[in-house]
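Enquirer: File start_33.cif follows (mmCIF, C-alpha atoms, pLDDT in the B column; chains and numbers go by the auth columns):
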data_target
#
loop_
_atom_site.group_PDB
_atom_site.id
_atom_site.type_symbol
_atom_site.label_atom_id
_atom_site.label_comp_id
_atom_site.label_asym_id
_atom_site.label_seq_id
_atom_site.Cartn_x
_atom_site.Cartn_y
_atom_site.Cartn_z
_atom_site.B_iso_or_equiv
_atom_site.auth_seq_id
_atom_site.auth_asym_id
ATOM 1 C CA ALA A 1 0.000 0.000 0.000 46.00 12 R
ATOM 2 C CA ASN A 2 1.110 3.516 -0.761 48.00 13 R
ATOM 3 C CA PRO A 3 1.107 5.781 2.299 49.00 14 R
ATOM 4 C CA GLY A 4 0.509 8.767 0.020 51.00 15 R
ATOM 5 C CA TRP A 5 -2.941 7.544 -1.050 49.00 16 R
ATOM 6 C CA PRO A 6 -5.934 8.493 1.091 51.00 17 R
ATOM 7 C CA GLY A 7 -7.315 5.696 3.248 49.00 18 R
ATOM 8 C CA GLU A 8 -4.186 3.569 3.001 49.00 19 R
ATOM 9 C CA GLY A 9 -0.954 3.305 4.922 50.00 20 R
ATOM 10 C CA GLY A 10 0.126 2.453 8.410 48.00 21 R
ATOM 11 C CA ALA A 11 -1.283 5.476 10.246 48.00 22 R
ATOM 12 C CA ALA A 12 -4.814 5.626 11.573 49.00 23 R
ATOM 13 C CA GLU A 13 -7.281 7.963 9.896 51.00 24 R
ATOM 14 C CA GLY A 14 -7.207 11.593 11.058 53.00 25 R
ATOM 15 C CA THR A 15 -4.025 11.441 13.110 53.00 26 R
ATOM 16 C CA GLU A 16 -1.531 14.257 13.197 53.00 27 R
ATOM 17 C CA GLU A 17 1.117 12.000 11.645 52.00 28 R
ATOM 18 C CA GLU A 18 -1.070 11.399 8.568 52.00 29 R
ATOM 19 C CA GLU A 19 -1.694 15.106 8.106 55.00 30 R
ATOM 20 C CA ASP A 20 2.076 15.719 8.028 58.00 31 R
ATOM 21 C CA GLU A 21 2.480 13.036 5.342 66.00 32 R
ATOM 22 C CA ALA A 22 -0.503 14.175 3.245 66.00 33 R
ATOM 23 C CA PRO A 23 0.426 14.236 -0.437 75.00 34 R
ATOM 24 C CA ASP A 24 0.574 17.439 -2.419 84.00 35 R
ATOM 25 C CA TRP A 25 -1.954 16.458 -5.134 82.00 36 R
ATOM 26 C CA PRO A 26 -1.521 19.533 -7.373 84.00 37 R
ATOM 27 C CA ALA A 27 2.251 19.076 -7.384 86.00 38 R
ATOM 28 C CA GLN A 28 1.898 15.371 -8.153 83.00 39 R
ATOM 29 C CA GLU A 29 -0.527 16.057 -11.007 79.00 40 R
ATOM 30 C CA GLU A 30 1.823 18.708 -12.378 81.00 41 R
ATOM 31 C CA ALA A 31 4.743 16.268 -12.199 81.00 42 R
ATOM 32 C CA LEU A 32 2.678 13.630 -14.030 76.00 43 R
ATOM 33 C CA PHE A 33 1.720 16.163 -16.694 74.00 44 R
ATOM 34 C CA GLY A 34 5.392 17.057 -17.086 76.00 45 R
ATOM 35 C CA MET A 35 6.313 13.398 -17.566 76.00 46 R
ATOM 36 C CA PHE A 36 3.670 12.974 -20.258 71.00 47 R
ATOM 37 C CA ALA A 37 4.848 16.166 -21.968 72.00 48 R
ATOM 38 C CA GLU A 38 8.424 14.865 -22.173 75.00 49 R
ATOM 39 C CA LEU A 39 7.340 11.680 -23.970 72.00 50 R
ATOM 40 C CA GLU A 40 6.353 13.513 -27.190 70.00 51 R
ATOM 41 C CA PHE A 41 2.918 11.963 -27.515 70.00 52 R
ATOM 42 C CA TRP A 42 2.100 14.878 -29.814 68.00 53 R
ATOM 43 C CA ARG A 43 3.562 12.759 -32.609 75.00 54 R
ATOM 44 C CA LEU A 44 0.586 10.385 -32.395 75.00 55 R
ATOM 45 C CA GLN A 45 -2.189 10.769 -34.929 80.00 56 R
ATOM 46 C CA PRO A 46 -5.362 12.354 -33.481 76.00 57 R
ATOM 47 C CA ARG A 47 -7.395 9.272 -34.428 82.00 58 R
ATOM 48 C CA ASP A 48 -5.145 7.194 -32.128 79.00 59 R
ATOM 49 C CA LEU A 49 -6.205 9.372 -29.208 77.00 60 R
ATOM 50 C CA LEU A 50 -9.948 8.763 -29.626 78.00 61 R
ATOM 51 C CA SER A 51 -9.909 5.691 -27.387 79.00 62 R
ATOM 52 C CA PRO A 52 -11.631 5.925 -23.994 81.00 63 R
ATOM 53 C CA TRP A 53 -8.494 4.287 -22.558 81.00 64 R
ATOM 54 C CA VAL A 54 -6.284 7.286 -23.287 78.00 65 R
ATOM 55 C CA PRO A 55 -5.521 9.151 -20.054 78.00 66 R
ATOM 56 C CA PRO A 56 -6.644 12.770 -19.899 80.00 67 R
ATOM 57 C CA GLN A 57 -3.069 13.883 -19.151 74.00 68 R
ATOM 58 C CA LEU A 58 -2.011 12.481 -22.516 76.00 69 R
ATOM 59 C CA LEU A 59 -4.784 14.367 -24.293 80.00 70 R
ATOM 60 C CA ALA A 60 -3.868 17.551 -22.439 80.00 71 R
ATOM 61 C CA CYS A 61 -0.202 17.109 -23.396 78.00 72 R
ATOM 62 C CA HIS A 62 -1.179 16.482 -27.001 79.00 73 R
ATOM 63 C CA LEU A 63 -3.255 19.663 -27.093 83.00 74 R
ATOM 64 C CA ALA A 64 -0.556 21.670 -25.302 82.00 75 R
ATOM 65 C CA ALA A 65 2.098 20.495 -27.757 82.00 76 R
ATOM 66 C CA ARG A 66 -0.153 21.286 -30.710 85.00 77 R
ATOM 67 C CA CYS A 67 -0.856 24.746 -29.280 90.00 78 R
ATOM 68 C CA ARG A 68 2.885 25.266 -28.797 89.00 79 R
ATOM 69 C CA GLN A 69 3.543 24.285 -32.429 90.00 80 R
ATOM 70 C CA LEU A 70 0.813 26.607 -33.672 94.00 81 R
ATOM 71 C CA ASP A 71 2.124 29.418 -31.478 96.00 82 R
ATOM 72 C CA GLU A 72 5.644 28.959 -32.877 96.00 83 R
ATOM 73 C CA HIS A 73 4.229 28.938 -36.397 96.00 84 R
ATOM 74 C CA GLN A 74 2.234 32.089 -35.668 97.00 85 R
ATOM 75 C CA GLN A 75 5.358 33.805 -34.285 97.00 86 R
ATOM 76 C CA SER A 76 7.249 32.798 -37.414 97.00 87 R
ATOM 77 C CA LEU A 77 4.480 34.190 -39.628 97.00 88 R
ATOM 78 C CA PHE A 78 4.414 37.385 -37.569 97.00 89 R
ATOM 79 C CA GLN A 79 8.189 37.794 -38.009 97.00 90 R
ATOM 80 C CA ASP A 80 7.955 37.058 -41.745 97.00 91 R
ATOM 81 C CA SER A 81 5.093 39.530 -42.074 97.00 92 R
ATOM 82 C CA GLY A 82 7.143 42.246 -40.373 97.00 93 R
ATOM 83 C CA ASP A 83 10.147 41.516 -42.588 97.00 94 R
ATOM 84 C CA ASN A 84 7.961 41.568 -45.705 98.00 95 R
ATOM 85 C CA LEU A 85 6.393 44.863 -44.662 97.00 96 R
ATOM 86 C CA LYS A 86 9.852 46.409 -44.231 98.00 97 R
ATOM 87 C CA GLU A 87 10.831 45.134 -47.685 98.00 98 R
ATOM 88 C CA ILE A 88 7.622 46.517 -49.224 98.00 99 R
ATOM 89 C CA ASN A 89 8.269 49.923 -47.668 98.00 100 R
ATOM 90 C CA ARG A 90 11.882 49.859 -48.912 98.00 101 R
ATOM 91 C CA LEU A 91 10.683 49.007 -52.433 98.00 102 R
ATOM 92 C CA ARG A 92 8.045 51.768 -52.324 98.00 103 R
ATOM 93 C CA HIS A 93 10.736 54.263 -51.385 98.00 104 R
ATOM 94 C CA LEU A 94 12.935 52.994 -54.225 97.00 105 R
ATOM 95 C CA ILE A 95 10.023 53.286 -56.673 97.00 106 R
ATOM 96 C CA LEU A 96 9.441 56.896 -55.595 97.00 107 R
ATOM 97 C CA GLN A 97 13.120 57.698 -56.128 97.00 108 R
ATOM 98 C CA LEU A 98 13.164 56.037 -59.549 97.00 109 R
ATOM 99 C CA SER A 99 9.918 57.774 -60.550 97.00 110 R
ATOM 100 C CA ALA A 100 11.414 61.139 -59.630 97.00 111 R
ATOM 101 C CA LYS A 101 14.530 60.372 -61.682 97.00 112 R
ATOM 102 C CA LEU A 102 12.364 59.263 -64.605 97.00 113 R
ATOM 103 C CA GLU A 103 10.427 62.523 -64.486 96.00 114 R
ATOM 104 C CA VAL A 104 13.699 64.474 -64.569 96.00 115 R
ATOM 105 C CA VAL A 105 14.875 62.415 -67.548 96.00 116 R
ATOM 106 C CA ASP A 106 11.536 62.972 -69.319 96.00 117 R
ATOM 107 C CA VAL A 107 11.824 66.740 -68.829 95.00 118 R
ATOM 108 C CA ARG A 108 15.394 66.687 -70.174 96.00 119 R
ATOM 109 C CA SER A 109 14.283 64.543 -73.096 96.00 120 R
ATOM 110 C CA VAL A 110 11.535 67.030 -73.980 95.00 121 R
ATOM 111 C CA GLN A 111 13.991 69.910 -73.689 95.00 122 R
ATOM 112 C CA SER A 112 16.500 68.056 -75.864 95.00 123 R
ATOM 113 C CA THR A 113 13.846 67.337 -78.483 95.00 124 R
ATOM 114 C CA GLN A 114 12.846 71.017 -78.499 95.00 125 R
ATOM 115 C CA LYS A 115 16.462 72.113 -78.936 95.00 126 R
ATOM 116 C CA GLN A 116 16.918 69.608 -81.768 94.00 127 R
ATOM 117 C CA THR A 117 13.807 70.997 -83.438 94.00 128 R
ATOM 118 C CA GLU A 118 15.174 74.554 -83.034 93.00 129 R
ATOM 119 C CA VAL A 119 18.535 73.528 -84.498 93.00 130 R
ATOM 120 C CA VAL A 120 16.852 71.799 -87.454 92.00 131 R
ATOM 121 C CA ASP A 121 14.647 74.886 -88.041 92.00 132 R
ATOM 122 C CA THR A 122 17.689 77.165 -87.814 91.00 133 R
ATOM 123 C CA LEU A 123 19.572 75.006 -90.318 89.00 134 R
ATOM 124 C CA ARG A 124 16.651 75.099 -92.753 89.00 135 R
ATOM 125 C CA THR A 125 16.488 78.865 -92.594 90.00 136 R
ATOM 126 C CA LEU A 126 20.221 79.114 -93.252 86.00 137 R
ATOM 127 C CA ARG A 127 20.048 77.089 -96.473 77.00 138 R
#
Turn the structure described in the file into structure tokens.
Expert:
Amino acid sequence: ANPGWPGEGGAAEGTEEEEDEAPDWPAQEEALFGMFAELEFWRLQPRDLLSPWVPPQLLACHLAARCRQLDEHQQSLFQDSGDNLKEINRLRHLILQLSAKLEVVDVRSVQSTQKQTEVVDTLRTLR
């Protein structure tokens, strides 16, 4: 018999000695949950967990591991989204710079065409 289980052990019920040896149930449940979490049951297929014989700690560990994976994936997507947004803003700035340069080149091209037309007209009048 396990002295940590209620109603068992060498001490009589309700004695002071039994109260000193009373188990810490939340700590024991947390330790059991930790053991299940270390066994990587999250690798099992969900259909394998549909048995009534699967302990609830295993199901909880499976869900916790899945949530952890999804959280890591979400963090990765968040980081990628931030990086992509920075790249988009950098490209927008580059497009604005190139558009401004293109406008300057267009103005110079128009001016050059006008000067060429003036030179051609001047040459015609000189002939």
Enquirer: Expanded to explicit residues, what is the PyMOL selection byres ((chain R and resi 72-87) around 7) for this file, as a list in words?
Expert: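 What the PyMOL selection byres ((chain R and resi 72-87) around 7) grabs from the file is Phe47, Ala48, Phe52, Trp53, Gln68, Leu69, Leu70, Ala71, Leu88, Phe89, Gln90 and Asp91 of chain R.
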Enquirer: Figure out the distance between CA of Arg54 (chain R) and CA of Pro66 (chain R), please, to one decimal in Å.
Expert: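 Between CA of Pro66 (chain R) and CA of Arg54 (chain R) the gap is 15.9 Å.
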Enquirer: Mind pulling up the distance from CA of Glu114 (chain R) to CA of Glu98 (chain R)?
Expert: 24.2 Å
Enquirer: Just give me the gap between CA of Leu50 (chain R) and CA of Val65 (chain R) in Å, one decimal is fine.
Expert: 14.3 Å
